[in-house]
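S.K.: One file is attached below, input-v3.csv, containing CSV, C-alpha atoms.
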chain,number,residue,atom,x,y,z
X,1,MET,CA,0.0,0.0,0.0
X,2,LYS,CA,1.4,3.4,-1.0
X,3,ILE,CA,2.0,5.7,1.9
X,4,ARG,CA,0.0,8.9,1.7
X,5,ARG,CA,2.0,12.1,1.6
X,6,THR,CA,1.1,15.7,2.4
X,7,ILE,CA,3.0,18.1,0.2
X,8,GLY,CA,3.5,21.8,1.0
X,9,LEU,CA,4.3,24.2,-1.9
X,10,ASP,CA,5.8,27.6,-1.3
X,11,ILE,CA,5.3,29.2,-4.7
X,12,HIS,CA,7.1,32.2,-6.1
X,13,ARG,CA,7.4,33.7,-9.6
X,14,ASP,CA,10.3,31.6,-10.8
X,15,ARG,CA,10.7,28.8,-8.2
X,16,ILE,CA,8.7,26.5,-6.0
X,17,TYR,CA,10.0,25.1,-2.7
X,18,VAL,CA,8.5,21.6,-2.0
X,19,THR,CA,8.2,19.7,1.2
X,20,GLU,CA,7.0,16.1,1.0
X,21,LEU,CA,5.9,14.9,4.4
X,22,SER,CA,4.8,11.4,5.6
X,23,ILE,CA,3.7,11.4,9.2
X,24,TRP,CA,3.2,7.6,9.1
X,25,ASP,CA,6.9,6.8,8.9
X,26,ASN,CA,8.1,10.1,10.3
X,27,SER,CA,10.0,11.2,7.2
X,28,TYR,CA,10.1,14.2,5.0
X,29,LYS,CA,12.0,15.5,2.0
X,30,GLN,CA,12.6,19.1,0.9
X,31,TYR,CA,13.8,20.4,-2.4
X,32,GLU,CA,13.4,23.3,-4.9
X,33,ILE,CA,12.2,23.3,-8.5
X,34,SER,CA,11.7,26.0,-11.1
X,35,THR,CA,8.4,27.1,-12.5
X,36,ARG,CA,9.5,26.3,-16.1
X,37,GLU,CA,7.1,24.0,-17.8
X,38,LYS,CA,9.6,21.2,-18.2
X,39,ASP,CA,10.4,21.1,-14.5
X,40,LEU,CA,6.8,21.6,-13.4
X,41,GLU,CA,5.8,18.6,-15.6
X,42,ALA,CA,8.5,16.5,-14.1
X,43,PHE,CA,7.2,17.3,-10.6
X,44,LEU,CA,3.6,16.6,-11.5
X,45,ALA,CA,4.6,13.2,-12.8
X,46,THR,CA,5.8,12.3,-9.3
X,47,LEU,CA,2.4,12.9,-7.6
X,48,GLY,CA,0.1,10.1,-6.7
X,49,LYS,CA,-3.7,9.8,-6.4
X,50,ASP,CA,-3.4,9.4,-2.6
X,51,ASP,CA,-1.3,12.6,-2.1
X,52,GLN,CA,-2.7,15.8,-0.6
X,53,VAL,CA,-1.2,19.2,-1.5
X,54,ALA,CA,-1.3,22.6,0.2
X,55,LEU,CA,-0.3,26.0,-1.1
X,56,GLU,CA,-0.9,29.6,-0.1
X,57,ALA,CA,-3.5,31.8,-1.7
X,58,THR,CA,-1.3,34.1,-3.8
X,59,ARG,CA,-1.2,35.5,-7.3
X,60,GLY,CA,-1.4,32.6,-9.7
X,61,SER,CA,-2.5,30.0,-7.1
X,62,ASN,CA,-5.6,29.2,-9.1
X,63,TYR,CA,-3.5,28.1,-12.0
X,64,TYR,CA,-1.6,25.6,-9.9
X,65,VAL,CA,-4.8,24.4,-8.3
X,66,SER,CA,-6.1,23.6,-11.8
X,67,ARG,CA,-2.9,21.7,-12.7
X,68,LEU,CA,-2.8,19.8,-9.4
X,69,ALA,CA,-6.5,18.9,-8.8
X,70,PRO,CA,-6.8,16.1,-11.4
X,71,LEU,CA,-3.6,14.4,-10.1
X,72,VAL,CA,-4.0,14.2,-6.3
X,73,ALA,CA,-6.6,13.4,-3.7
X,74,ALA,CA,-7.1,17.0,-2.6
X,75,VAL,CA,-5.7,20.5,-3.0
X,76,SER,CA,-6.0,22.9,-0.1
X,77,VAL,CA,-5.4,26.7,-0.5
X,78,ALA,CA,-4.2,28.2,2.8
X,79,ASN,CA,-5.2,31.6,4.1
X,80,PRO,CA,-1.9,33.6,4.4
X,81,ALA,CA,-3.3,36.0,7.0
X,82,LYS,CA,-4.0,33.1,9.5
X,83,LEU,CA,-0.8,31.2,8.8
X,84,GLN,CA,1.3,33.8,10.6
X,85,PHE,CA,-0.1,32.5,13.9
X,86,PHE,CA,1.5,29.1,13.3
X,87,SER,CA,4.9,30.1,11.8
X,88,LYS,CA,6.7,32.2,14.4
X,89,ASN,CA,10.2,31.0,13.6
X,90,ALA,CA,12.5,32.4,11.0
X,91,LYS,CA,10.4,33.0,7.8
X,92,ASN,CA,11.9,31.4,4.8
X,93,ASP,CA,10.8,29.1,2.0
X,94,ARG,CA,11.9,25.9,3.8
X,95,ASN,CA,9.9,26.7,6.9
X,96,ASP,CA,6.9,28.0,5.0
X,97,SER,CA,6.5,24.8,2.9
X,98,TYR,CA,7.1,22.6,5.9
X,99,CYS,CA,4.5,24.5,7.9
X,100,LEU,CA,1.9,24.0,5.0
X,101,ALA,CA,2.6,20.2,4.8
X,102,LEU,CA,2.5,19.7,8.6
X,103,LEU,CA,-0.7,21.7,9.2
X,104,LEU,CA,-2.4,19.8,6.3
X,105,ALA,CA,-1.3,16.5,7.8
X,106,LEU,CA,-2.7,17.5,11.3
X,107,GLY,CA,-5.9,18.8,9.9
X,108,MET,CA,-5.2,22.3,11.2
X,109,LEU,CA,-4.6,24.2,7.9
X,110,PRO,CA,-6.6,27.4,7.7
X,111,THR,CA,-8.1,27.3,4.2
X,112,VAL,CA,-9.9,29.7,1.9
X,113,TRP,CA,-12.7,28.9,-0.6
X,114,THR,CA,-11.4,28.4,-4.1
X,115,PRO,CA,-13.8,29.7,-6.8
X,116,GLY,CA,-14.5,27.6,-9.9
X,117,PRO,CA,-13.2,28.6,-13.3
X,118,GLU,CA,-16.4,30.5,-14.3
X,119,ILE,CA,-16.5,32.6,-11.1
X,120,GLN,CA,-12.8,33.3,-11.5
X,121,GLN,CA,-13.4,34.6,-15.0
X,122,ASP,CA,-16.1,36.9,-13.6
X,123,ARG,CA,-13.7,38.2,-11.0
X,124,ASP,CA,-10.9,38.7,-13.6
X,125,LEU,CA,-13.3,40.7,-15.7
X,126,LEU,CA,-14.4,42.9,-12.8
X,127,ASN,CA,-10.7,43.4,-11.7
X,128,TYR,CA,-9.8,44.6,-15.2
X,129,ARG,CA,-12.7,47.0,-15.3
X,130,CYS,CA,-11.8,48.3,-11.8
X,131,SER,CA,-8.2,48.9,-13.0
X,132,LEU,CA,-9.5,50.9,-16.0
X,133,VAL,CA,-11.7,53.0,-13.8
X,134,GLN,CA,-8.8,53.7,-11.5
X,135,ASP,CA,-6.6,54.8,-14.5
X,136,GLN,CA,-9.4,57.0,-15.7
X,137,ILE,CA,-9.7,58.7,-12.3
X,138,ARG,CA,-6.0,59.2,-12.0
X,139,ILE,CA,-5.7,60.8,-15.5
X,140,LYS,CA,-8.7,63.1,-14.8
X,141,ASN,CA,-7.1,64.3,-11.6
X,142,ARG,CA,-3.8,65.0,-13.5
X,143,VAL,CA,-5.8,67.0,-16.1
X,144,ARG,CA,-7.4,69.1,-13.3
X,145,ALA,CA,-4.0,69.6,-11.7
X,146,GLN,CA,-2.4,70.7,-15.0
X,147,MET,CA,-5.2,73.2,-15.6
X,148,ALA,CA,-4.9,74.5,-12.0
X,149,GLU,CA,-1.2,75.2,-12.6
X,150,HIS,CA,-2.2,77.6,-15.3
X,151,GLY,CA,-5.0,79.3,-13.3
X,152,ILE,CA,-7.8,77.3,-15.0
X,153,VAL,CA,-10.5,75.8,-12.8
X,154,TRP,CA,-13.3,73.6,-14.0
X,155,ASP,CA,-16.2,73.6,-11.5
X,156,GLY,CA,-18.1,70.6,-13.1
X,157,SER,CA,-18.0,67.0,-11.9
X,158,ASP,CA,-17.0,65.2,-15.1
X,159,ILE,CA,-13.9,66.3,-17.0
X,160,GLN,CA,-15.0,64.2,-20.0
X,161,SER,CA,-18.4,65.8,-20.5
X,162,ALA,CA,-19.2,67.8,-23.6
X,163,CYS,CA,-19.3,71.0,-21.6
X,164,ALA,CA,-15.9,70.3,-20.1
X,165,GLN,CA,-14.4,69.5,-23.5
X,166,ARG,CA,-15.7,72.9,-24.9
X,167,PHE,CA,-14.2,74.6,-21.9
X,168,ILE,CA,-10.8,73.0,-22.4
X,169,LEU,CA,-10.8,73.8,-26.1
X,170,LYS,CA,-11.5,77.5,-25.5
X,171,LEU,CA,-8.7,77.7,-23.0
X,172,LYS,CA,-6.0,75.7,-24.8
X,173,HIS,CA,-4.6,78.9,-26.4
X,174,ARG,CA,-3.6,80.0,-22.9
X,175,LEU,CA,-1.3,77.0,-22.5
X,176,SER,CA,2.3,76.7,-23.8
X,177,PRO,CA,2.9,74.3,-26.8
X,178,THR,CA,4.4,71.7,-24.4
X,179,SER,CA,1.5,71.9,-22.0
X,180,ARG,CA,-1.0,71.6,-24.9
X,181,GLU,CA,0.8,68.5,-26.1
X,182,VAL,CA,0.7,66.9,-22.6
X,183,LEU,CA,-3.0,67.8,-22.2
X,184,THR,CA,-3.9,66.4,-25.6
X,185,ASN,CA,-2.2,63.1,-24.9
X,186,ARG,CA,-4.0,62.8,-21.6
X,187,LEU,CA,-7.4,63.5,-23.2
X,188,GLU,CA,-6.6,60.9,-25.8
X,189,GLN,CA,-5.8,58.4,-23.0
X,190,LEU,CA,-9.2,59.2,-21.4
X,191,GLU,CA,-11.0,58.6,-24.7
X,192,GLN,CA,-9.2,55.2,-25.1
X,193,ILE,CA,-10.2,54.1,-21.6
X,194,LYS,CA,-13.8,55.2,-22.3
X,195,GLN,CA,-13.9,53.0,-25.4
X,196,ARG,CA,-12.5,50.0,-23.6
X,197,LEU,CA,-15.1,50.4,-20.8
X,198,GLN,CA,-17.8,50.6,-23.5
X,199,ARG,CA,-16.5,47.3,-25.0
X,200,LEU,CA,-16.7,45.7,-21.6
X,201,GLU,CA,-20.3,46.6,-21.0
X,202,PRO,CA,-21.9,43.9,-23.3
X,203,VAL,CA,-19.5,41.3,-22.0
X,204,ILE,CA,-20.5,42.1,-18.4
X,205,GLU,CA,-24.2,41.9,-19.4
X,206,VAL,CA,-23.8,38.4,-20.9
X,207,ARG,CA,-21.7,37.1,-18.0
X,208,ALA,CA,-24.2,38.5,-15.5
X,209,ALA,CA,-27.1,36.7,-17.3
X,210,ARG,CA,-25.6,33.4,-16.0
X,211,TRP,CA,-26.6,34.4,-12.4
X,212,PRO,CA,-30.3,34.1,-11.7
X,213,GLU,CA,-29.6,35.9,-8.4
X,214,VAL,CA,-28.8,39.1,-10.3
X,215,ALA,CA,-32.5,39.7,-11.0
X,216,LEU,CA,-33.3,39.3,-7.3
X,217,LEU,CA,-30.7,41.8,-6.3
X,218,MET,CA,-31.8,44.3,-8.9
X,219,THR,CA,-35.1,44.7,-7.1
X,220,ILE,CA,-33.1,46.8,-4.5
X,221,ARG,CA,-33.0,50.5,-5.3
X,222,GLY,CA,-29.4,51.5,-6.2
X,223,ILE,CA,-28.3,48.1,-7.5
X,224,ASN,CA,-28.0,47.7,-11.2
X,225,VAL,CA,-26.4,44.9,-13.3
X,226,LEU,CA,-22.8,45.8,-12.6
X,227,THR,CA,-23.4,46.1,-8.8
X,228,ALA,CA,-25.4,42.9,-8.6
X,229,PHE,CA,-22.8,41.1,-10.8
X,230,THR,CA,-20.0,42.3,-8.5
X,231,ILE,CA,-21.8,41.1,-5.4
X,232,MET,CA,-22.4,37.6,-6.8
X,233,ALA,CA,-18.9,37.2,-8.2
X,234,VAL,CA,-17.5,38.0,-4.8
X,235,ILE,CA,-19.9,35.9,-2.7
X,236,GLY,CA,-20.0,32.9,-5.1
X,237,ARG,CA,-22.4,30.4,-3.6
X,238,ILE,CA,-24.5,31.8,-0.8
X,239,ASP,CA,-24.7,28.3,0.9
X,240,ARG,CA,-21.1,28.9,2.0
X,241,PHE,CA,-22.4,31.2,4.7
X,242,ALA,CA,-24.6,29.5,7.4
X,243,THR,CA,-25.7,32.9,8.8
X,244,ALA,CA,-25.9,36.5,7.8
X,245,ASP,CA,-23.2,37.3,10.4
X,246,SER,CA,-20.8,35.0,8.7
X,247,LEU,CA,-21.4,36.8,5.4
X,248,ALA,CA,-20.8,40.1,7.2
X,249,ASN,CA,-17.6,38.7,8.6
X,250,TYR,CA,-16.5,37.7,5.1
X,251,ALA,CA,-17.2,41.3,3.9
X,252,GLY,CA,-15.2,42.8,6.7
X,253,LEU,CA,-18.2,44.7,8.0
X,254,ILE,CA,-18.0,43.4,11.6
X,255,PRO,CA,-16.3,45.5,14.4
X,256,ARG,CA,-13.0,44.5,15.8
X,257,GLN,CA,-13.3,43.1,19.3
X,258,ARG,CA,-10.8,43.1,22.1
X,259,SER,CA,-11.8,41.4,25.3
X,260,SER,CA,-9.8,40.3,28.4
X,261,ALA,CA,-10.7,39.6,32.0
X,262,GLY,CA,-14.4,40.0,31.3
X,263,LYS,CA,-13.9,43.4,29.7
X,264,SER,CA,-14.8,43.9,26.0
X,265,ARG,CA,-14.2,46.8,23.7
X,266,ASN,CA,-15.3,47.2,20.0
X,267,GLY,CA,-13.4,49.1,17.5
X,268,GLY,CA,-13.8,49.9,13.8
X,269,ILE,CA,-14.8,47.3,11.2
X,270,THR,CA,-12.1,44.7,10.3
X,271,LYS,CA,-12.1,45.5,6.5
X,272,ALA,CA,-10.8,41.9,6.2
X,273,GLY,CA,-13.0,41.0,3.3
X,274,SER,CA,-13.4,42.1,-0.3
X,275,LYS,CA,-13.2,45.9,-1.0
X,276,LYS,CA,-15.4,45.4,-4.1
X,277,LEU,CA,-18.2,43.9,-2.0
X,278,ARG,CA,-18.1,46.8,0.4
X,279,TRP,CA,-18.0,49.3,-2.5
X,280,ALA,CA,-21.1,47.6,-4.1
X,281,LEU,CA,-23.0,47.8,-0.8
X,282,THR,CA,-22.0,51.4,-0.2
X,283,GLU,CA,-23.1,52.4,-3.7
X,284,ALA,CA,-26.6,50.8,-3.1
X,285,VAL,CA,-26.9,52.4,0.4
X,286,GLN,CA,-26.4,55.9,-1.0
X,287,SER,CA,-29.6,55.5,-3.1
X,288,LEU,CA,-31.5,53.6,-0.4
X,289,CYS,CA,-30.9,56.3,2.2
X,290,LYS,CA,-32.5,59.0,-0.1
X,291,MET,CA,-35.9,57.3,0.1
X,292,ASP,CA,-38.1,56.9,3.2
X,293,GLY,CA,-37.7,53.5,4.8
X,294,PRO,CA,-35.7,51.6,7.4
X,295,PHE,CA,-32.3,52.4,5.9
X,296,ARG,CA,-32.9,56.1,5.8
X,297,ASN,CA,-34.3,56.0,9.4
X,298,LEU,CA,-31.2,54.1,10.6
X,299,CYS,CA,-28.9,56.6,8.8
X,300,LYS,CA,-30.6,59.6,10.3
X,301,ARG,CA,-30.8,58.0,13.8
X,302,LEU,CA,-27.0,57.4,13.8
X,303,GLU,CA,-26.3,60.9,12.5
X,304,ARG,CA,-28.3,62.4,15.3
X,305,LYS,CA,-26.1,60.5,17.7
X,306,ASN,CA,-23.1,62.2,16.2
X,307,LYS,CA,-21.8,59.0,14.8
X,308,GLY,CA,-20.8,60.6,11.5
X,309,LYS,CA,-21.9,59.8,8.0
X,310,GLY,CA,-19.2,57.2,7.6
X,311,ILE,CA,-20.3,55.1,10.5
X,312,ALA,CA,-23.9,55.5,9.4
X,313,ALA,CA,-23.2,54.3,5.9
X,314,THR,CA,-21.3,51.3,7.2
X,315,ALA,CA,-24.2,50.3,9.5
X,316,CYS,CA,-26.6,50.6,6.6
X,317,ALA,CA,-24.3,48.5,4.4
X,318,ARG,CA,-24.3,45.8,7.2
X,319,LYS,CA,-28.1,45.9,7.3
X,320,LEU,CA,-28.3,45.7,3.6
X,321,LEU,CA,-25.9,42.7,3.5
X,322,THR,CA,-28.1,40.9,6.0
X,323,ALA,CA,-31.1,41.5,3.8
X,324,ILE,CA,-29.2,40.2,0.8
X,325,TRP,CA,-28.3,37.0,2.6
X,326,CYS,CA,-32.0,36.5,3.4
X,327,MET,CA,-33.0,37.2,-0.2
X,328,LEU,CA,-30.5,34.8,-1.7
X,329,THR,CA,-31.1,32.1,0.9
X,330,ARG,CA,-34.9,32.2,0.5
X,331,GLY,CA,-35.0,33.2,-3.2
X,332,GLU,CA,-37.2,36.2,-2.4
X,333,SER,CA,-37.2,39.7,-3.8
X,334,PHE,CA,-36.4,42.8,-1.7
X,335,ARG,CA,-39.1,43.5,0.9
X,336,TYR,CA,-39.1,47.2,0.2
X,337,ALA,CA,-38.9,46.9,-3.6
X,338,GLU,CA,-40.6,49.5,-5.8
X,339,SER,CA,-42.5,47.6,-8.5
X,340,THR,CA,-42.3,50.4,-11.1
X,341,LEU,CA,-38.6,50.9,-10.7
X,342,SER,CA,-37.9,47.1,-10.7
X,343,GLU,CA,-39.9,46.6,-13.9
X,344,ASP,CA,-38.2,49.5,-15.6
X,345,LYS,CA,-34.7,48.1,-14.7
X,346,ALA,CA,-35.7,44.6,-15.9
X,347,GLN,CA,-36.9,46.0,-19.2
X,348,ARG,CA,-33.8,48.1,-19.8
X,349,ARG,CA,-31.6,45.1,-18.9
X,350,GLU,CA,-33.5,42.9,-21.4
X,351,ARG,CA,-32.9,45.4,-24.2
X,352,ARG,CA,-29.2,45.7,-23.3
X,353,LEU,CA,-28.8,41.9,-23.2
X,354,LYS,CA,-30.5,41.5,-26.5
X,355,ALA,CA,-28.0,43.9,-28.1
X,356,ALA,CA,-25.0,42.4,-26.2
X,357,HIS,CA,-25.3,38.8,-27.4
X,358,PRO,CA,-24.4,39.5,-31.1
X,359,PHE,CA,-21.4,41.7,-30.0
X,360,VAL,CA,-20.0,39.0,-27.7
X,361,GLU,CA,-20.5,36.3,-30.4
X,362,GLU,CA,-18.6,38.5,-32.9
X,363,GLN,CA,-15.8,39.0,-30.4
X,364,LYS,CA,-15.5,35.2,-29.9
X,365,LYS,CA,-15.3,34.6,-33.7
X,366,ARG,CA,-12.6,37.3,-34.0
X,367,HIS,CA,-10.6,35.8,-31.2
X,368,ASP,CA,-10.8,32.3,-32.8
X,369,GLN,CA,-9.6,33.7,-36.1
X,370,VAL,CA,-6.6,35.2,-34.4
X,371,ILE,CA,-5.8,31.9,-32.7
X,372,GLN,CA,-6.2,30.0,-36.0
X,373,GLY,CA,-3.8,32.4,-37.7
X,374,GLN,CA,-1.3,31.8,-34.9
X,375,LEU,CA,-1.8,28.1,-35.2
X,376,ALA,CA,-1.1,28.2,-39.0
X,377,LEU,CA,2.2,30.0,-38.3
X,378,LEU,CA,3.2,27.5,-35.7
X,379,GLN,CA,2.4,24.6,-38.0
X,380,ALA,CA,4.4,26.2,-40.8
X,381,LEU,CA,7.4,26.7,-38.5
X,382,SER,CA,7.1,23.2,-37.1
X,383,SER,CA,6.9,21.6,-40.6
X,384,ARG,CA,10.3,23.3,-41.4
X,385,ARG,CA,11.8,21.7,-38.3
X,386,ALA,CA,12.0,25.1,-36.6
X,387,LEU,CA,12.6,25.4,-32.9
X,388,MET,CA,8.9,26.4,-32.2
X,389,PRO,CA,6.8,23.2,-31.9
X,390,ILE,CA,3.2,23.5,-31.0
X,391,PRO,CA,2.9,23.5,-27.1
X,392,ARG,CA,1.5,20.3,-25.9
X,393,GLN,CA,-1.0,22.1,-23.6
X,394,LEU,CA,-2.5,23.9,-26.7
X,395,GLU,CA,-2.8,20.9,-29.0
X,396,ALA,CA,-6.3,20.0,-27.9
X,397,THR,CA,-7.6,23.6,-28.2
X,398,PHE,CA,-5.9,24.1,-31.6
X,399,GLY,CA,-7.2,20.8,-32.9
X,400,ARG,CA,-10.8,21.8,-31.9
X,401,LEU,CA,-10.3,25.2,-33.7
X,402,ILE,CA,-8.9,23.5,-36.8
X,403,THR,CA,-11.9,21.1,-36.9
X,404,LYS,CA,-14.3,24.1,-36.6
X,405,ALA,CA,-12.5,26.0,-39.4
X,406,THR,CA,-12.2,23.1,-41.8
X,407,GLY,CA,-15.6,21.6,-41.0
Re-express the file's structure as structure tokens.
M.R.:
Amino acid sequence: MKIRRTIGLDIHRDRIYVTELSIWDNSYKQYEISTREKDLEAFLATLGKDDQVALEATRGSNYYVSRLAPLVAAVSVANPAKLQFFSKNAKNDRNDSYCLALLLALGMLPTVWTPGPEIQQDRDLLNYRCSLVQDQIRIKNRVRAQMAEHGIVWDGSDIQSACAQRFILKLKHRLSPTSREVLTNRLEQLEQIKQRLQRLEPVIEVRAARWPEVALLMTIRGINVLTAFTIMAVIGRIDRFATADSLANYAGLIPRQRSSAGKSRNGGITKAGSKKLRWALTEAVQSLCKMDGPFRNLCKRLERKNKGKGIAATACARKLLTAIWCMLTRGESFRYAESTLSEDKAQRRERRLKAAHPFVEEQKKRHDQVIQGQLALLQALSSRRALMPIPRQLEATFGRLITKATG
């Protein structure tokens, strides 16, 4: 009978430190491999069906999980924030990988939930959109700063609006040639980012249509397709959370608590969860608090107690997240939904989705054509015995595309 091993992987950009531990015969082995495909394949070939593997949740960990999962009994992804309580000795690759293997063998490894490939694609899409928005805000701020250096102040809110563009055009003659060139380049960057965001909108519409929960969340005032899609992509499956408090803990919306000798003191929220989830809840709360109802009442009550707008908004976000947990668990619409508003949002969403499907299909065809062109080049080079053979991992995909193209 093969002895079951627990394997800890401390993964870096160009190398992986491996610890193979067997608590049954009190032995372990440690070594280092590179992340090159040839070395990684050689390591994967040594794994058995009875092995268990642990690695930290880091950038690229999902890729290694997808490679390891079909070959071993189980793959566990550790929570780095909680591992620090177990490894208090010198921190290095050897100790980190050994700690992972040992905690996995003892059943004490603090793990995190690993999303499936579809949810991961949703998160990657939202992360990319978020980076575009951050770039857009940064460039807008630089445009405002450049204008302020020349005594030009724009009082509007959107520097990309038609009114703002006319204002900038009138005042360009006051700038030096160099300043005009810099300003023109920044405005071109803003236009490029705007076009990229517009191309992402139909993709988000189609991806969000996979979630039936999005329609439920859109019955809440202030939640549109993007906000609902963000909430579901972050939460994943609602059955992961047994209570609304556990979901609030995941979002980082519970207060820090320090207690000792019977004395307890609460601080600010932990902020240990997803920033995107807290952003989505805050966006919805801003609209909810403008209408009469329990959220506006809670906000006003806290403001009268001099708690401040920030604390009031956070409390309302926690209350809204509790309502969302109940909605998703029971499959119910929002209790305070406005029927006219909900129907209007559903109709507009249906029209956008109808227009988005052809665009997304056309994008897929264009991507397939690009891949087919690259495949033809690789095959031509391979036929001439060039040093660029078709990668083994891509043979199945390329074969499917060839069949589609020739069929």
S.K.: As an exercise, work out the distance from CA of Asn266 (chain X) to CA of Lys300 (chain X) in Å and give it to one decimal place.
M.R.: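 Taking CA of Asn266 (chain X) and CA of Lys300 (chain X), their separation equals 22.0 Å.
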S.K.: Could you please determine the separation between CA of Ile238 (chain X) and CA of Gly60 (chain X) in Å, to one decimal place?
M.R.: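 We find that CA of Ile238 (chain X) and CA of Gly60 (chain X) lie 24.8 Å from each other.
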S.K.: Find the distance between CA of Gly267 (chain X) and CA of Gly252 (chain X) and write it in Å to one decimal.
M.R.: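 The value is 12.6 Å.
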S.K.: Please write as a list in words the list of polymer residues whose atoms come within 9 Å of (-2.9, 31.8, 2.3), counting all atoms listed in the file and keeping to the coordinates of the file.
M.R.: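 Checked against the point, the hits come out as Leu55, Glu56, Ala57, Thr58, Val77, Ala78, Asn79, Pro80, Ala81, Lys82, Leu83, Pro110, Thr111 and Val112 of chain X.
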S.K.: Ala164 (chain X): which residues within 12 Å, counting only C-alpha atoms, same-chain residues fewer than 3 positions away excluded, as a PyMOL selection string?
M.R.: chain X and resi 140+143-144+147+152-161+167-171+187
S.K.: Identify which of the residues X:Ile7, X:Val214, X:Leu40, X:Cys163 lies closest to Ser97 (chain X), counting only C-alpha atoms when measuring atom-to-atom distances.
M.R.: X:Ile7
S.K.: Please provide the set of residues having any atom within 12 Å of Lys276 (chain X), restricted to only C-alpha atoms, with same-chain residues fewer than 5 positions apart removed, written as a list of chain:residue names.
M.R.: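 Near Lys276 (chain X), the qualifying residues are X:Arg123, X:Leu126, X:Asn127, X:Arg129, X:Cys130, X:Ser131, X:Leu226, X:Thr227, X:Ala228, X:Phe229, X:Thr230, X:Ile231, X:Met232, X:Ala233, X:Val234, X:Ile235, X:Ala251, X:Gly252, X:Lys271, X:Leu281, X:Thr282, X:Glu283.
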S.K.: Convert the current residue selection to file output with C-alpha atoms, as a short mmCIF file (atom, residue, chain, number, x, y, z; two decimals), in the frame of the given file.
M.R.:
data_model
loop_
_atom_site.label_atom_id
_atom_site.label_comp_id
_atom_site.auth_asym_id
_atom_site.auth_seq_id
_atom_site.Cartn_x
_atom_site.Cartn_y
_atom_site.Cartn_z
CA ARG X 123 -13.70 38.20 -11.00
CA LEU X 126 -14.40 42.90 -12.80
CA ASN X 127 -10.70 43.40 -11.70
CA ARG X 129 -12.70 47.00 -15.30
CA CYS X 130 -11.80 48.30 -11.80
CA SER X 131 -8.20 48.90 -13.00
CA LEU X 226 -22.80 45.80 -12.60
CA THR X 227 -23.40 46.10 -8.80
CA ALA X 228 -25.40 42.90 -8.60
CA PHE X 229 -22.80 41.10 -10.80
CA THR X 230 -20.00 42.30 -8.50
CA ILE X 231 -21.80 41.10 -5.40
CA MET X 232 -22.40 37.60 -6.80
CA ALA X 233 -18.90 37.20 -8.20
CA VAL X 234 -17.50 38.00 -4.80
CA ILE X 235 -19.90 35.90 -2.70
CA ALA X 251 -17.20 41.30 3.90
CA GLY X 252 -15.20 42.80 6.70
CA LYS X 271 -12.10 45.50 6.50
CA LEU X 281 -23.00 47.80 -0.80
CA THR X 282 -22.00 51.40 -0.20
CA GLU X 283 -23.10 52.40 -3.70
#
S.K.: Return the single residue from X:Val53, X:Leu216, X:Tyr63, X:Ala45 that is closest to Arg330 (chain X), with distances computed using all atoms listed in the file.
M.R.: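 Counting all atoms listed in the file, the residue closest to Arg330 (chain X) is X:Leu216.
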S.K.: Using all atoms listed in the file, collect all residues at a distance of at most 9 Å from (2.7, 23.7, 2.7) as written in the file, then present them as a VMD selection string.
M.R.: chain X and resid 6 to 10 18 to 20 53 to 56 78 95 to 104 109
S.K.: Set the distance at 9 Å and use only C-alpha atoms: which residues neighbour Leu353 (chain X) once local chain neighbours fewer than 2 positions away are removed? I'd like the list as a list in words.
M.R.: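 So, after excluding close chain neighbours, the residues are Pro202, Glu205, Val206, Ala209, Arg348, Arg349, Glu350, Arg351, Ala355, Ala356 and His357 of chain X.
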S.K.: Since fewer atoms than expected are present, regenerate N, CA and C atoms for region 247-255 of chain X and write them as a PDB file, in the coordinates of the input.
M.R.:
ATOM      1  N   LEU X 247     -21.545  36.039   6.655  1.00  0.00           N
ATOM      2  CA  LEU X 247     -21.400  36.800   5.400  1.00  0.00           C
ATOM      3  C   LEU X 247     -20.836  38.192   5.703  1.00  0.00           C
ATOM      4  N   ALA X 248     -21.330  38.819   6.761  1.00  0.00           N
ATOM      5  CA  ALA X 248     -20.800  40.100   7.200  1.00  0.00           C
ATOM      6  C   ALA X 248     -19.350  40.055   7.559  1.00  0.00           C
ATOM      7  N   ASN X 249     -18.985  38.956   8.215  1.00  0.00           N
ATOM      8  CA  ASN X 249     -17.600  38.700   8.600  1.00  0.00           C
ATOM      9  C   ASN X 249     -16.725  38.602   7.322  1.00  0.00           C
ATOM     10  N   TYR X 250     -17.229  37.888   6.317  1.00  0.00           N
ATOM     11  CA  TYR X 250     -16.500  37.700   5.100  1.00  0.00           C
ATOM     12  C   TYR X 250     -16.319  39.047   4.343  1.00  0.00           C
ATOM     13  N   ALA X 251     -17.288  39.943   4.482  1.00  0.00           N
ATOM     14  CA  ALA X 251     -17.200  41.300   3.900  1.00  0.00           C
ATOM     15  C   ALA X 251     -16.367  42.248   4.659  1.00  0.00           C
ATOM     16  N   GLY X 252     -15.959  41.872   5.867  1.00  0.00           N
ATOM     17  CA  GLY X 252     -15.200  42.800   6.700  1.00  0.00           C
ATOM     18  C   GLY X 252     -15.995  43.892   7.307  1.00  0.00           C
ATOM     19  N   LEU X 253     -17.287  43.643   7.531  1.00  0.00           N
ATOM     20  CA  LEU X 253     -18.200  44.700   8.000  1.00  0.00           C
ATOM     21  C   LEU X 253     -18.525  44.475   9.521  1.00  0.00           C
ATOM     22  N   ILE X 254     -17.804  43.600  10.199  1.00  0.00           N
ATOM     23  CA  ILE X 254     -18.000  43.400  11.600  1.00  0.00           C
ATOM     24  C   ILE X 254     -16.983  44.219  12.398  1.00  0.00           C
ATOM     25  N   PRO X 255     -17.299  44.693  13.609  1.00  0.00           N
ATOM     26  CA  PRO X 255     -16.300  45.500  14.400  1.00  0.00           C
ATOM     27  C   PRO X 255     -15.215  44.630  14.958  1.00  0.00           C
TER      28      PRO X 255
END
